[in-house]
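Note sheet for the following structure.
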Amino acid sequence: MKIKRIEHIAIAVKDMEAEGRALETIFGLKQDYAEQIGETKLAMFPIGETSIELLQAVGPSSKVGDWIRERGQSLFHLCFEVEDIDAALVELKEKGVKLIDETPRNGHGGSRIAFIDPSATGDILIELAEL
């Protein structure tokens, strides 16, 4: 599997507007874009070739809402950009790595994404993305 870079670092937040203003005021970061996928809103703040992704639940079945209720605002996941997500998933399956997504699904900005089960990665949620 070829990992190209850390695509983004996702943070689960209660109030995206307030946290976004803090990133802008404290660090001078500018929001690149925002979108809603299902019951989760997201906003991307680029830093070089990586971004900070803020995630906020907007519905009762959002996994981000569950996360915040259990752990509070915190790091949600790391996202690695991969060259070929289909090949990456085949390689991980062959290695016996437990996956949340065995096939890619639609993600941010039209990307194809898949998540690795945290039990395989020291309890850290890892997302793979093919842009």
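The way I read the labels, and the way they are meant: chains A, B, ... in the order of the structure tokens, residue 1 as the first residue of every chain, and ligand 1 as the first ligand shown, with later ones counted on from there.
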Write out as a ChimeraX atom specification the residues lying within 12 Å of Arg21 in chain A, counting only C-alpha atoms and excluding same-chain residues fewer than 5 positions away. /A:15-16,26-31,43,45,54
I'd like a table as JSON lines: residues in range 23-92 of chain A with an atom no more than 6 Å from range 5-8 of chain A, each row giving the shortest atom pair and its distance in Å to one decimal, only C-alpha atoms counted, sorted by chain and rising residue number.
{"residue": "A:Thr50", "atom": "CA", "partner": "A:Glu7", "partner_atom": "CA", "distance": 5.0}
{"residue": "A:Ser51", "atom": "CA", "partner": "A:His8", "partner_atom": "CA", "distance": 4.5}
{"residue": "A:Ile52", "atom": "CA", "partner": "A:His8", "partner_atom": "CA", "distance": 5.5}
{"residue": "A:Cys79", "atom": "CA", "partner": "A:His8", "partner_atom": "CA", "distance": 5.2}
{"residue": "A:Phe80", "atom": "CA", "partner": "A:Ile6", "partner_atom": "CA", "distance": 4.6}
{"residue": "A:Glu81", "atom": "CA", "partner": "A:Glu7", "partner_atom": "CA", "distance": 5.3}
Q. CA of Glu53 in chain A and CA of Asp66 in chain A, how far apart in Å?
A.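 Atom-to-atom, CA of Asp66 in chain A and CA of Glu53 in chain A are spaced 17.5 Å apart.
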Can you pull out every residue from range 6-40 of chain A that DSSP, working from the backbone, puts in strand (DSSP E), and format the result as a ChimeraX atom specification? /A:6-12,33-37,40
**Request:** Go through A:Leu42, A:Ile68, A:Ala114, A:Ile37 one by one, measure the shortest atom-to-atom distance of each to Ala87 in chain A using only C-alpha atoms, and give the residue with the smallest value.
**Result:**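 The shortest atom-to-atom distance to Ala87 in chain A comes from A:Ala114.
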Straight-line distance linking CA of His108 in chain A with CA of Gly96 in chain A, stated in Å to one decimal: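 Computing the Euclidean distance for CA of His108 in chain A and CA of Gly96 in chain A yields 27.1 Å.
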With distances taken over only C-alpha atoms, which residue among A:Gly109, A:Pro118, A:Gly20, A:Gly59 lies nearest Glu130 in chain A?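 Ranked by minimum distance to Glu130 in chain A, first place goes to A:Gly109.
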